[in-house]
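Asker: Quick one, input_6.pdb (PDB, C-alpha atoms):
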```pdb
MODEL        1
ATOM      1  CA  MET A  33      55.524 105.163 117.954  1.00  0.00           C
ATOM      2  CA  SER A  34      58.333 106.179 120.322  1.00  0.00           C
ATOM      3  CA  LEU A  35      61.304 103.826 120.335  1.00  0.00           C
ATOM      4  CA  LYS A  36      61.237 103.666 124.137  1.00  0.00           C
ATOM      5  CA  LYS A  37      57.736 102.212 124.028  1.00  0.00           C
ATOM      6  CA  MET A  38      58.847  99.409 121.713  1.00  0.00           C
ATOM      7  CA  HIS A  39      60.174  96.021 122.737  1.00  0.00           C
ATOM      8  CA  ILE A  40      63.911  95.845 122.184  1.00  0.00           C
ATOM      9  CA  LYS A  41      63.468  92.839 119.876  1.00  0.00           C
ATOM     10  CA  ASN A  42      61.482  95.010 117.445  1.00  0.00           C
ATOM     11  CA  ALA A  43      63.423  98.239 117.793  1.00  0.00           C
ATOM     12  CA  PHE A  44      66.179  97.228 115.410  1.00  0.00           C
ATOM     13  CA  GLU A  45      63.713  96.432 112.649  1.00  0.00           C
ATOM     14  CA  LEU A  46      63.330 100.186 112.189  1.00  0.00           C
ATOM     15  CA  PRO A  47      65.608 102.056 109.754  1.00  0.00           C
ATOM     16  CA  LYS A  48      69.077 102.630 111.199  1.00  0.00           C
ATOM     17  CA  GLU A  49      68.688 106.410 110.962  1.00  0.00           C
ATOM     18  CA  THR A  50      65.502 106.265 113.026  1.00  0.00           C
ATOM     19  CA  VAL A  51      67.108 104.216 115.770  1.00  0.00           C
ATOM     20  CA  LEU A  52      70.168 106.467 115.944  1.00  0.00           C
ATOM     21  CA  ASN A  53      68.068 109.628 116.102  1.00  0.00           C
ATOM     22  CA  GLU A  54      65.893 108.167 118.858  1.00  0.00           C
ATOM     23  CA  PHE A  55      68.799 106.754 120.847  1.00  0.00           C
ATOM     24  CA  TYR A  56      71.186 109.689 120.743  1.00  0.00           C
ATOM     25  CA  GLU A  57      70.648 113.388 121.298  1.00  0.00           C
ATOM     26  CA  ARG A  58      73.479 114.116 118.898  1.00  0.00           C
ATOM     27  CA  MET A  59      75.841 111.951 116.858  1.00  0.00           C
ATOM     28  CA  ILE A  60      79.213 112.782 115.349  1.00  0.00           C
ATOM     29  CA  THR A  61      81.161 110.759 112.806  1.00  0.00           C
ATOM     30  CA  ILE A  62      84.893 110.122 113.020  1.00  0.00           C
ATOM     31  CA  PRO A  63      86.771 108.949 109.901  1.00  0.00           C
ATOM     32  CA  ILE A  64      88.563 105.671 110.568  1.00  0.00           C
ATOM     33  CA  GLU A  65      91.774 107.089 109.114  1.00  0.00           C
ATOM     34  CA  ALA A  66      91.708 110.020 111.545  1.00  0.00           C
ATOM     35  CA  ARG A  67      91.143 107.685 114.480  1.00  0.00           C
ATOM     36  CA  THR A  68      93.985 105.434 113.310  1.00  0.00           C
ATOM     37  CA  ASN A  69      96.326 108.412 112.996  1.00  0.00           C
ATOM     38  CA  LEU A  70      95.354 109.551 116.494  1.00  0.00           C
ATOM     39  CA  LYS A  71      96.126 106.089 117.860  1.00  0.00           C
ATOM     40  CA  ASN A  72      99.512 106.072 116.124  1.00  0.00           C
ATOM     41  CA  GLU A  73     100.354 109.494 117.561  1.00  0.00           C
ATOM     42  CA  LEU A  74      99.411 108.346 121.053  1.00  0.00           C
ATOM     43  CA  ILE A  75     101.567 105.237 120.659  1.00  0.00           C
ATOM     44  CA  HIS A  76     104.486 107.490 119.725  1.00  0.00           C
ATOM     45  CA  ILE A  77     103.882 109.785 122.719  1.00  0.00           C
ATOM     46  CA  ILE A  78     102.822 107.454 125.542  1.00  0.00           C
ATOM     47  CA  GLY A  79     103.612 103.968 124.226  1.00  0.00           C
ATOM     48  CA  ILE A  80     101.617 100.956 123.033  1.00  0.00           C
ATOM     49  CA  GLU A  81     100.419  99.717 126.422  1.00  0.00           C
ATOM     50  CA  ARG A  82      99.104 103.064 127.635  1.00  0.00           C
ATOM     51  CA  THR A  83      97.457 103.745 124.278  1.00  0.00           C
ATOM     52  CA  ARG A  84      95.757 100.375 124.439  1.00  0.00           C
ATOM     53  CA  GLY A  85      94.341 101.345 127.820  1.00  0.00           C
ATOM     54  CA  VAL A  86      92.993 104.628 126.435  1.00  0.00           C
ATOM     55  CA  PHE A  87      91.017 102.912 123.671  1.00  0.00           C
ATOM     56  CA  ILE A  88      89.801 100.063 125.880  1.00  0.00           C
ATOM     57  CA  ARG A  89      88.365 102.593 128.330  1.00  0.00           C
ATOM     58  CA  TYR A  90      86.927 104.645 125.480  1.00  0.00           C
ATOM     59  CA  GLY A  91      85.153 101.522 124.245  1.00  0.00           C
ATOM     60  CA  TRP A  92      84.008 100.755 127.796  1.00  0.00           C
ATOM     61  CA  HIS A  93      82.295 104.126 128.162  1.00  0.00           C
ATOM     62  CA  CYS A  94      80.630 103.719 124.753  1.00  0.00           C
ATOM     63  CA  GLY A  95      79.360 100.278 125.764  1.00  0.00           C
ATOM     64  CA  VAL A  96      77.992 101.478 129.099  1.00  0.00           C
ATOM     65  CA  SER A  97      76.234 104.386 127.375  1.00  0.00           C
ATOM     66  CA  ASP A  98      74.576 102.075 124.848  1.00  0.00           C
ATOM     67  CA  ALA A  99      73.596  99.645 127.597  1.00  0.00           C
ATOM     68  CA  GLU A 100      71.777 102.409 129.453  1.00  0.00           C
ATOM     69  CA  LYS A 101      69.906 103.326 126.299  1.00  0.00           C
ATOM     70  CA  ALA A 102      69.023  99.697 125.561  1.00  0.00           C
ATOM     71  CA  MET A 103      67.703  99.277 129.108  1.00  0.00           C
ATOM     72  CA  SER A 104      65.375 102.244 128.589  1.00  0.00           C
ATOM     73  CA  LEU A 105      63.413 100.185 126.022  1.00  0.00           C
ATOM     74  CA  GLN A 106      60.966  97.387 126.786  1.00  0.00           C
ATOM     75  CA  TRP A 107      62.584  94.007 127.519  1.00  0.00           C
ATOM     76  CA  ASP A 108      61.670  90.768 129.281  1.00  0.00           C
ATOM     77  CA  ASP A 109      64.985  89.539 130.654  1.00  0.00           C
ATOM     78  CA  GLU A 110      68.716  90.195 130.396  1.00  0.00           C
ATOM     79  CA  LEU A 111      69.041  87.893 127.385  1.00  0.00           C
ATOM     80  CA  ASP A 112      67.016  90.394 125.334  1.00  0.00           C
ATOM     81  CA  LEU A 113      69.637  92.996 126.210  1.00  0.00           C
ATOM     82  CA  VAL A 114      72.542  90.646 125.508  1.00  0.00           C
ATOM     83  CA  PHE A 115      71.257  89.944 121.991  1.00  0.00           C
ATOM     84  CA  ALA A 116      70.726  93.665 121.391  1.00  0.00           C
ATOM     85  CA  GLY A 117      74.400  94.378 122.111  1.00  0.00           C
ATOM     86  CA  PRO A 118      75.730  92.988 118.803  1.00  0.00           C
ATOM     87  CA  LYS A 119      73.148  95.006 116.874  1.00  0.00           C
ATOM     88  CA  LEU A 120      74.278  98.212 118.555  1.00  0.00           C
ATOM     89  CA  HIS A 121      77.894  97.203 117.960  1.00  0.00           C
ATOM     90  CA  MET A 122      77.154  96.908 114.239  1.00  0.00           C
ATOM     91  CA  PHE A 123      75.179 100.161 114.196  1.00  0.00           C
ATOM     92  CA  HIS A 124      78.369 102.050 115.035  1.00  0.00           C
ATOM     93  CA  GLY A 125      80.264 100.453 112.163  1.00  0.00           C
ATOM     94  CA  TYR A 126      82.728  98.657 114.441  1.00  0.00           C
ATOM     95  CA  LEU A 127      82.253  95.419 112.486  1.00  0.00           C
ATOM     96  CA  ASP A 128      80.089  93.750 109.842  1.00  0.00           C
ATOM     97  CA  ARG A 129      78.497  91.001 111.913  1.00  0.00           C
ATOM     98  CA  VAL A 130      78.488  89.382 115.343  1.00  0.00           C
ATOM     99  CA  GLU A 131      77.859  85.697 115.951  1.00  0.00           C
ATOM    100  CA  ILE A 132      77.228  84.494 119.504  1.00  0.00           C
ATOM    101  CA  LEU A 133      78.727  81.010 119.389  1.00  0.00           C
ATOM    102  CA  GLU A 134      77.931  79.810 122.896  1.00  0.00           C
ATOM    103  CA  MET A 135      76.499  81.116 126.157  1.00  0.00           C
ATOM    104  CA  SER A 136      76.320  79.703 129.658  1.00  0.00           C
ATOM    105  CA  PHE A 137      74.408  81.020 132.676  1.00  0.00           C
ATOM    106  CA  ASP A 138      74.100  79.461 136.119  1.00  0.00           C
ATOM    107  CA  GLU A 139      70.902  78.658 138.000  1.00  0.00           C
ATOM    108  CA  LYS A 140      70.792  82.215 139.373  1.00  0.00           C
ATOM    109  CA  LYS A 141      70.935  83.600 135.808  1.00  0.00           C
ATOM    110  CA  LYS A 142      74.463  84.852 136.353  1.00  0.00           C
ATOM    111  CA  CYS A 143      76.765  84.720 133.325  1.00  0.00           C
ATOM    112  CA  ASN A 144      79.397  81.973 133.244  1.00  0.00           C
ATOM    113  CA  PHE A 145      80.762  82.850 129.814  1.00  0.00           C
ATOM    114  CA  ILE A 146      79.814  84.023 126.333  1.00  0.00           C
ATOM    115  CA  GLU A 147      81.868  83.108 123.275  1.00  0.00           C
ATOM    116  CA  VAL A 148      81.535  85.516 120.371  1.00  0.00           C
ATOM    117  CA  LEU A 149      82.792  85.775 116.793  1.00  0.00           C
ATOM    118  CA  TRP A 150      83.418  89.251 115.378  1.00  0.00           C
ATOM    119  CA  ILE A 151      83.269  89.442 111.580  1.00  0.00           C
ATOM    120  CA  ASN A 152      85.484  92.038 109.854  1.00  0.00           C
ATOM    121  CA  THR A 153      86.258  94.441 112.705  1.00  0.00           C
ATOM    122  CA  PHE A 154      87.477  97.884 111.709  1.00  0.00           C
ATOM    123  CA  GLU A 155      90.454  97.735 114.083  1.00  0.00           C
ATOM    124  CA  ALA A 156      91.818  94.517 112.584  1.00  0.00           C
ATOM    125  CA  SER A 157      91.240  95.809 109.040  1.00  0.00           C
ATOM    126  CA  GLN A 158      93.049  99.077 109.741  1.00  0.00           C
ATOM    127  CA  TYR A 159      95.967  97.312 111.394  1.00  0.00           C
ATOM    128  CA  LEU A 160      96.409  94.885 108.501  1.00  0.00           C
ATOM    129  CA  LYS A 161      96.206  97.729 106.022  1.00  0.00           C
ATOM    130  CA  ALA A 162      98.804  99.858 107.776  1.00  0.00           C
ATOM    131  CA  LYS A 163     101.184  97.398 109.430  1.00  0.00           C
ATOM    132  CA  GLY A 164     100.518  93.843 108.311  1.00  0.00           C
ATOM    133  CA  LEU A 165     100.266  90.970 110.775  1.00  0.00           C
ATOM    134  CA  SER A 166     100.293  91.656 114.496  1.00  0.00           C
ATOM    135  CA  GLU A 167     101.803  89.552 117.271  1.00  0.00           C
ATOM    136  CA  ARG A 168      98.760  90.088 119.498  1.00  0.00           C
ATOM    137  CA  PRO A 169      95.039  90.966 119.244  1.00  0.00           C
ATOM    138  CA  VAL A 170      94.337  94.601 118.288  1.00  0.00           C
ATOM    139  CA  CYS A 171      90.561  95.089 118.722  1.00  0.00           C
ATOM    140  CA  ASP A 172      90.900  97.135 121.891  1.00  0.00           C
ATOM    141  CA  THR A 173      87.878  99.388 121.384  1.00  0.00           C
ATOM    142  CA  LEU A 174      85.601  96.419 120.707  1.00  0.00           C
ATOM    143  CA  CYS A 175      86.806  94.584 123.816  1.00  0.00           C
ATOM    144  CA  GLY A 176      86.199  97.669 125.917  1.00  0.00           C
ATOM    145  CA  TYR A 177      82.764  98.215 124.377  1.00  0.00           C
ATOM    146  CA  ALA A 178      81.616  94.639 124.960  1.00  0.00           C
ATOM    147  CA  SER A 179      82.989  94.685 128.526  1.00  0.00           C
ATOM    148  CA  GLY A 180      81.173  97.905 129.387  1.00  0.00           C
ATOM    149  CA  TYR A 181      77.923  96.894 127.715  1.00  0.00           C
ATOM    150  CA  LEU A 182      77.718  93.421 129.256  1.00  0.00           C
ATOM    151  CA  SER A 183      78.818  94.590 132.696  1.00  0.00           C
ATOM    152  CA  LYS A 184      75.965  97.088 132.715  1.00  0.00           C
ATOM    153  CA  VAL A 185      73.141  94.912 131.390  1.00  0.00           C
ATOM    154  CA  LEU A 186      74.140  91.796 133.347  1.00  0.00           C
ATOM    155  CA  LYS A 187      74.828  93.754 136.531  1.00  0.00           C
ATOM    156  CA  GLN A 188      78.131  91.979 137.116  1.00  0.00           C
ATOM    157  CA  PRO A 189      81.687  92.912 136.107  1.00  0.00           C
ATOM    158  CA  ILE A 190      82.356  91.189 132.776  1.00  0.00           C
ATOM    159  CA  LEU A 191      85.765  91.321 131.145  1.00  0.00           C
ATOM    160  CA  VAL A 192      86.101  90.563 127.444  1.00  0.00           C
ATOM    161  CA  LYS A 193      89.332  89.114 126.089  1.00  0.00           C
ATOM    162  CA  GLU A 194      90.094  88.661 122.401  1.00  0.00           C
ATOM    163  CA  VAL A 195      91.545  85.169 121.967  1.00  0.00           C
ATOM    164  CA  GLU A 196      91.816  85.194 118.155  1.00  0.00           C
ATOM    165  CA  CYS A 197      92.300  88.197 115.879  1.00  0.00           C
ATOM    166  CA  ARG A 198      92.228  88.613 112.121  1.00  0.00           C
ATOM    167  CA  ALA A 199      95.185  90.993 112.473  1.00  0.00           C
ATOM    168  CA  MET A 200      97.175  88.000 113.756  1.00  0.00           C
ATOM    169  CA  GLY A 201      96.247  85.871 110.754  1.00  0.00           C
ATOM    170  CA  HIS A 202      93.148  84.157 112.142  1.00  0.00           C
ATOM    171  CA  GLU A 203      90.123  83.831 109.880  1.00  0.00           C
ATOM    172  CA  GLN A 204      88.041  86.128 112.100  1.00  0.00           C
ATOM    173  CA  CYS A 205      88.227  87.698 115.549  1.00  0.00           C
ATOM    174  CA  LYS A 206      86.937  85.699 118.499  1.00  0.00           C
ATOM    175  CA  CYS A 207      86.460  86.805 122.086  1.00  0.00           C
ATOM    176  CA  ILE A 208      85.491  85.287 125.407  1.00  0.00           C
ATOM    177  CA  CYS A 209      83.274  87.274 127.791  1.00  0.00           C
ATOM    178  CA  MET A 210      83.479  86.131 131.419  1.00  0.00           C
ATOM    179  CA  PRO A 211      83.015  87.528 134.923  1.00  0.00           C
ATOM    180  CA  ILE A 212      86.316  88.871 136.211  1.00  0.00           C
ATOM    181  CA  GLU A 213      86.507  86.339 139.058  1.00  0.00           C
ATOM    182  CA  LYS A 214      86.327  83.417 136.597  1.00  0.00           C
ATOM    183  CA  TRP A 215      89.362  84.570 134.621  1.00  0.00           C
ATOM    184  CA  GLY A 216      91.843  84.143 137.455  1.00  0.00           C
ATOM    185  CA  GLU A 217      95.482  85.088 136.893  1.00  0.00           C
ATOM    186  CA  GLU A 218      95.046  84.874 133.133  1.00  0.00           C
ATOM    187  CA  ILE A 219      93.425  88.294 133.084  1.00  0.00           C
ATOM    188  CA  ALA A 220      95.530  90.001 135.778  1.00  0.00           C
ATOM    189  CA  SER A 221      97.617  91.993 133.309  1.00  0.00           C
ATOM    190  CA  ASP A 222      94.493  93.252 131.499  1.00  0.00           C
ATOM    191  CA  LEU A 223      92.741  94.716 134.531  1.00  0.00           C
ATOM    192  CA  GLY A 224      94.967  97.783 134.605  1.00  0.00           C
ATOM    193  CA  TYR A 225      93.694  98.853 131.186  1.00  0.00           C
ATOM    194  CA  TYR A 226      90.247  99.415 132.690  1.00  0.00           C
ATOM    195  CA  GLN A 227      91.477 101.611 135.536  1.00  0.00           C
ATOM    196  CA  ALA A 228      91.648 105.278 134.604  1.00  0.00           C
ATOM    197  CA  THR A 229      93.472 106.061 137.862  1.00  0.00           C
ATOM    198  CA  SER A 230      96.392 103.857 136.825  1.00  0.00           C
ATOM    199  CA  MET A 231      96.655 105.797 133.573  1.00  0.00           C
ATOM    200  CA  ILE A 232      96.691 109.128 135.405  1.00  0.00           C
ATOM    201  CA  LYS A 233      99.332 107.805 137.797  1.00  0.00           C
ATOM    202  CA  GLU A 234     101.498 106.645 134.903  1.00  0.00           C
ATOM    203  CA  LEU A 235     101.168 109.990 133.140  1.00  0.00           C
ATOM    204  CA  ASP A 236     102.116 111.774 136.366  1.00  0.00           C
ATOM    205  CA  GLU A 237     105.208 109.561 136.631  1.00  0.00           C
ATOM    206  CA  ILE A 238     106.137 110.275 133.003  1.00  0.00           C
ATOM    207  CA  THR A 239     105.666 114.008 133.564  1.00  0.00           C
ATOM    208  CA  GLU A 240     107.871 113.892 136.660  1.00  0.00           C
ATOM    209  CA  LYS A 241     110.587 112.009 134.753  1.00  0.00           C
ATOM    210  CA  LEU A 242     110.423 114.567 131.953  1.00  0.00           C
ATOM    211  CA  LYS A 243     110.798 117.380 134.490  1.00  0.00           C
ATOM    212  CA  VAL A 244     113.875 115.682 135.949  1.00  0.00           C
ATOM    213  CA  GLU A 245     115.347 115.223 132.462  1.00  0.00           C
ATOM    214  CA  ARG A 246     114.568 118.853 131.659  1.00  0.00           C
ATOM    215  CA  ASP A 247     116.328 120.003 134.831  1.00  0.00           C
ATOM    216  CA  HIS A 248     119.359 117.853 134.020  1.00  0.00           C
ATOM    217  CA  LEU A 249     119.504 119.246 130.497  1.00  0.00           C
ATOM    218  CA  SER A 250     119.153 122.771 131.833  1.00  0.00           C
ATOM    219  CA  LYS A 251     122.019 122.254 134.283  1.00  0.00           C
ATOM    220  CA  ALA A 252     124.191 120.676 131.585  1.00  0.00           C
ATOM    221  CA  SER A 253     123.420 123.609 129.292  1.00  0.00           C
ATOM    222  CA  ASP A 254     124.378 126.117 132.007  1.00  0.00           C
ATOM    223  CA  ILE A 255     127.661 124.303 132.679  1.00  0.00           C
ATOM    224  CA  HIS A 256     128.408 124.126 128.960  1.00  0.00           C
ATOM    225  CA  ARG A 257     127.686 127.855 128.587  1.00  0.00           C
ATOM    226  CA  GLN A 258     129.922 128.720 131.549  1.00  0.00           C
ATOM    227  CA  LEU A 259     132.770 126.647 130.112  1.00  0.00           C
ATOM    228  CA  ILE A 260     132.457 128.363 126.736  1.00  0.00           C
ATOM    229  CA  GLU A 261     132.414 131.780 128.385  1.00  0.00           C
ATOM    230  CA  GLU A 262     135.463 130.888 130.472  1.00  0.00           C
ATOM    231  CA  LEU A 263     137.349 129.545 127.447  1.00  0.00           C
ATOM    232  CA  LEU A 264     136.544 132.674 125.438  1.00  0.00           C
ATOM    233  CA  SER A 265     137.587 134.844 128.378  1.00  0.00           C
ATOM    234  CA  ASN A 266     140.923 133.016 128.771  1.00  0.00           C
ATOM    235  CA  GLN A 267     141.520 133.236 125.020  1.00  0.00           C
ATOM    236  CA  GLY A 268     140.908 136.980 125.148  1.00  0.00           C
ATOM    237  CA  ARG A 269     143.402 137.469 127.981  1.00  0.00           C
ATOM    238  CA  LYS A 270     146.072 135.494 126.103  1.00  0.00           C
ATOM    239  CA  GLN A 271     145.638 137.626 122.977  1.00  0.00           C
ATOM    240  CA  ARG A 272     146.308 140.762 125.016  1.00  0.00           C
TER     241      ARG A 272
ENDMDL
END
```
Could you express the structure from this file as structure tokens?

Answerer:
Amino acid sequence: MSLKKMHIKNAFELPKETVLNEFYERMITIPIEARTNLKNELIHIIGIERTRGVFIRYGWHCGVSDAEKAMSLQWDDELDLVFAGPKLHMFHGYLDRVEILEMSFDEKKKCNFIEVLWINTFEASQYLKAKGLSERPVCDTLCGYASGYLSKVLKQPILVKEVECRAMGHEQCKCICMPIEKWGEEIASDLGYYQATSMIKELDEITEKLKVERDHLSKASDIHRQLIEELLSNQGRKQR
């Protein structure tokens, strides 16, 4: 039986390999260590904040893609899709388990908030292994994934914020998923991470600054070379 003809509640009872082969035309695997090294290199090149934005948006696109695939199966209402999200999250190896602690929807079936516990996320584990305790949450890819997935299946912009993180010393990672308008000013600084245009603008600004620095260095080098040549020339005339 084709996966797309199955109800989404039953789809994940199939072997993981079957689901992955049905869901995706082609899958690639990325070693966690390689991904961690890439993130560290990006931090070195473009800084922590910009790197965080890159991985949040990467997670967002992954979440949206999975949401589209989940919606191609049989389902009764959006809650079926919401409960499928954690299973897809686990399928990718992002974490060991997801527990939905609390959910609230209004009378129009619009999401008020969803509180979720993430058990043993790979991002927190890798951070602890490499750097020890962090001063802030580090599960950027997971936040982006959950934001993209929920925004797509619930048909409203949902922003996911990690409020507790194992990398900070908490027992497990916990996040709050809420419509953007319900966050208020608390989420203002996070919105930029989801805007690819802001990243491009920042990179353009960095490139322009580097060009200016390069020009300054080039001019300084030319002046230095001229001074050396003049000194050598004067020394040669004196020796005559």

Asker: Set the distance at 8 Å and use all atoms listed in the file: which residues neighbour Pro118 (chain A) once local chain neighbours fewer than 4 positions away are removed? I'd like the list as an mmCIF file with C-alpha atoms, keeping the file's coordinate frame.

Answerer:
```
data_model
loop_
_atom_site.group_PDB
_atom_site.id
_atom_site.type_symbol
_atom_site.label_atom_id
_atom_site.label_comp_id
_atom_site.auth_asym_id
_atom_site.auth_seq_id
_atom_site.Cartn_x
_atom_site.Cartn_y
_atom_site.Cartn_z
ATOM 1 C CA VAL A 114 72.542 90.646 125.508
ATOM 2 C CA MET A 122 77.154 96.908 114.239
ATOM 3 C CA ARG A 129 78.497 91.001 111.913
ATOM 4 C CA VAL A 130 78.488 89.382 115.343
#
```

Asker: When you count only C-alpha atoms, which of these residues is closest to His93 (chain A): A:Tyr181, A:Phe137, A:Phe115, A:Phe154?

Answerer: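 Counting only C-alpha atoms, the residue closest to His93 (chain A) is A:Tyr181.
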
Asker: Going by the chain IDs and residue numbers used in this file, which residues fall under the PyMOL selection byres ((chain A and resi 106) around 6)? Write them as a list in words.

Answerer: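 The output of the PyMOL selection byres ((chain A and resi 106) around 6) on this file is Met38, His39, Ile40, Leu105 and Trp107 of chain A.
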
Asker: Using all atoms listed in the file, which residues sit within 9 Å of region 66-78 of chain A once same-chain residues fewer than 4 positions away are excluded, as number ranges by chain?

Answerer: A: 62, 82-84, 87, 155, 158-159, 235, 238

Asker: I'd like to know which of A:Trp150, A:Glu57, A:Glu65, A:Ala102 is closest to Lys36 (chain A), using only C-alpha atoms.

Answerer: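 Comparing A:Trp150, A:Glu57, A:Glu65, A:Ala102 against Lys36 (chain A), the winner is A:Ala102.
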
Asker: Which protein, DNA or RNA residues have an atom at most 12 Å from (95.5, 85.2, 114.5), counting all atoms listed in the file? List them as a PyMOL selection string.

Answerer: chain A and resi 156+160+164-171+194-207

Asker: Using all atoms listed in the file, which residue out of A:Leu120, A:Leu113, A:Ala178, A:Leu263 lies closest to Arg89 (chain A)?

Answerer: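 Looking at the shortest contact to Arg89 (chain A), the residue is A:Ala178.
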
Asker: Can you work out which one of A:Ile208, A:Asp172, A:Tyr226, A:Val244 has the shortest atom-to-atom distance to Glu134 (chain A), counting all atoms listed in the file?

Answerer: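 Among the listed residues, A:Ile208 lies closest to Glu134 (chain A).
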
Asker: Show me, as a PyMOL selection string, the residues that have an atom within 10 Å of region 187-190 of chain A when counting all atoms listed in the file, minus same-chain residues fewer than 5 positions from it.

Answerer: chain A and resi 110+142-146+178-182+208-215

Asker: Quick check, in Å to one decimal: how far apart do CA of Asp108 (chain A) and CA of Tyr90 (chain A) lie?

Answerer: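 Calculated distance between CA of Asp108 (chain A) and CA of Tyr90 (chain A) is 29.1 Å.
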
Asker: How about completing region 74-89 of chain A with N, CA, C and O atoms and giving it to me as a PDB file, in the frame of the given file?

Answerer:
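Heads up, here's the output in part.pdb:
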```pdb
ATOM      1  N   LEU A  74      99.389 108.665 119.624  1.00  0.00           N
ATOM      2  CA  LEU A  74      99.411 108.346 121.053  1.00  0.00           C
ATOM      3  C   LEU A  74     100.452 107.274 121.359  1.00  0.00           C
ATOM      4  O   LEU A  74     101.138 107.340 122.385  1.00  0.00           O
ATOM      5  N   ILE A  75     100.554 106.283 120.472  1.00  0.00           N
ATOM      6  CA  ILE A  75     101.567 105.237 120.659  1.00  0.00           C
ATOM      7  C   ILE A  75     102.960 105.857 120.690  1.00  0.00           C
ATOM      8  O   ILE A  75     103.810 105.492 121.507  1.00  0.00           O
ATOM      9  N   HIS A  76     103.186 106.817 119.801  1.00  0.00           N
ATOM     10  CA  HIS A  76     104.486 107.490 119.725  1.00  0.00           C
ATOM     11  C   HIS A  76     104.765 108.292 120.996  1.00  0.00           C
ATOM     12  O   HIS A  76     105.898 108.361 121.472  1.00  0.00           O
ATOM     13  N   ILE A  77     103.705 108.899 121.569  1.00  0.00           N
ATOM     14  CA  ILE A  77     103.882 109.785 122.719  1.00  0.00           C
ATOM     15  C   ILE A  77     103.906 109.023 124.042  1.00  0.00           C
ATOM     16  O   ILE A  77     104.778 109.258 124.889  1.00  0.00           O
ATOM     17  N   ILE A  78     102.948 108.104 124.230  1.00  0.00           N
ATOM     18  CA  ILE A  78     102.822 107.454 125.542  1.00  0.00           C
ATOM     19  C   ILE A  78     103.056 105.943 125.508  1.00  0.00           C
ATOM     20  O   ILE A  78     102.989 105.288 126.539  1.00  0.00           O
ATOM     21  N   GLY A  79     103.305 105.389 124.325  1.00  0.00           N
ATOM     22  CA  GLY A  79     103.612 103.968 124.226  1.00  0.00           C
ATOM     23  C   GLY A  79     102.397 103.100 123.908  1.00  0.00           C
ATOM     24  O   GLY A  79     101.253 103.533 124.049  1.00  0.00           O
ATOM     25  N   ILE A  80     102.675 101.869 123.475  1.00  0.00           N
ATOM     26  CA  ILE A  80     101.617 100.956 123.033  1.00  0.00           C
ATOM     27  C   ILE A  80     100.685 100.573 124.178  1.00  0.00           C
ATOM     28  O   ILE A  80      99.457 100.592 124.036  1.00  0.00           O
ATOM     29  N   GLU A  81     101.243 100.203 125.317  1.00  0.00           N
ATOM     30  CA  GLU A  81     100.419  99.717 126.422  1.00  0.00           C
ATOM     31  C   GLU A  81      99.471 100.785 126.937  1.00  0.00           C
ATOM     32  O   GLU A  81      98.282 100.520 127.175  1.00  0.00           O
ATOM     33  N   ARG A  82      99.963 101.993 127.130  1.00  0.00           N
ATOM     34  CA  ARG A  82      99.104 103.064 127.635  1.00  0.00           C
ATOM     35  C   ARG A  82      98.050 103.444 126.604  1.00  0.00           C
ATOM     36  O   ARG A  82      96.904 103.745 126.947  1.00  0.00           O
ATOM     37  N   THR A  83      98.425 103.430 125.340  1.00  0.00           N
ATOM     38  CA  THR A  83      97.457 103.745 124.278  1.00  0.00           C
ATOM     39  C   THR A  83      96.366 102.688 124.232  1.00  0.00           C
ATOM     40  O   THR A  83      95.183 103.000 124.050  1.00  0.00           O
ATOM     41  N   ARG A  84      96.749 101.446 124.409  1.00  0.00           N
ATOM     42  CA  ARG A  84      95.757 100.375 124.439  1.00  0.00           C
ATOM     43  C   ARG A  84      94.737 100.621 125.558  1.00  0.00           C
ATOM     44  O   ARG A  84      93.536 100.446 125.373  1.00  0.00           O
ATOM     45  N   GLY A  85      95.231 101.047 126.706  1.00  0.00           N
ATOM     46  CA  GLY A  85      94.341 101.345 127.820  1.00  0.00           C
ATOM     47  C   GLY A  85      93.375 102.467 127.502  1.00  0.00           C
ATOM     48  O   GLY A  85      92.196 102.413 127.879  1.00  0.00           O
ATOM     49  N   VAL A  86      93.854 103.492 126.808  1.00  0.00           N
ATOM     50  CA  VAL A  86      92.993 104.628 126.435  1.00  0.00           C
ATOM     51  C   VAL A  86      91.816 104.155 125.590  1.00  0.00           C
ATOM     52  O   VAL A  86      90.663 104.504 125.850  1.00  0.00           O
ATOM     53  N   PHE A  87      92.082 103.333 124.582  1.00  0.00           N
ATOM     54  CA  PHE A  87      91.017 102.912 123.671  1.00  0.00           C
ATOM     55  C   PHE A  87      90.122 101.834 124.276  1.00  0.00           C
ATOM     56  O   PHE A  87      88.941 101.741 123.930  1.00  0.00           O
ATOM     57  N   ILE A  88      90.650 101.026 125.171  1.00  0.00           N
ATOM     58  CA  ILE A  88      89.801 100.063 125.880  1.00  0.00           C
ATOM     59  C   ILE A  88      88.797 100.815 126.743  1.00  0.00           C
ATOM     60  O   ILE A  88      87.604 100.505 126.754  1.00  0.00           O
ATOM     61  N   ARG A  89      89.277 101.838 127.460  1.00  0.00           N
ATOM     62  CA  ARG A  89      88.365 102.593 128.330  1.00  0.00           C
ATOM     63  C   ARG A  89      87.388 103.440 127.521  1.00  0.00           C
ATOM     64  O   ARG A  89      86.239 103.647 127.922  1.00  0.00           O
TER      65      ARG A  89
END
```
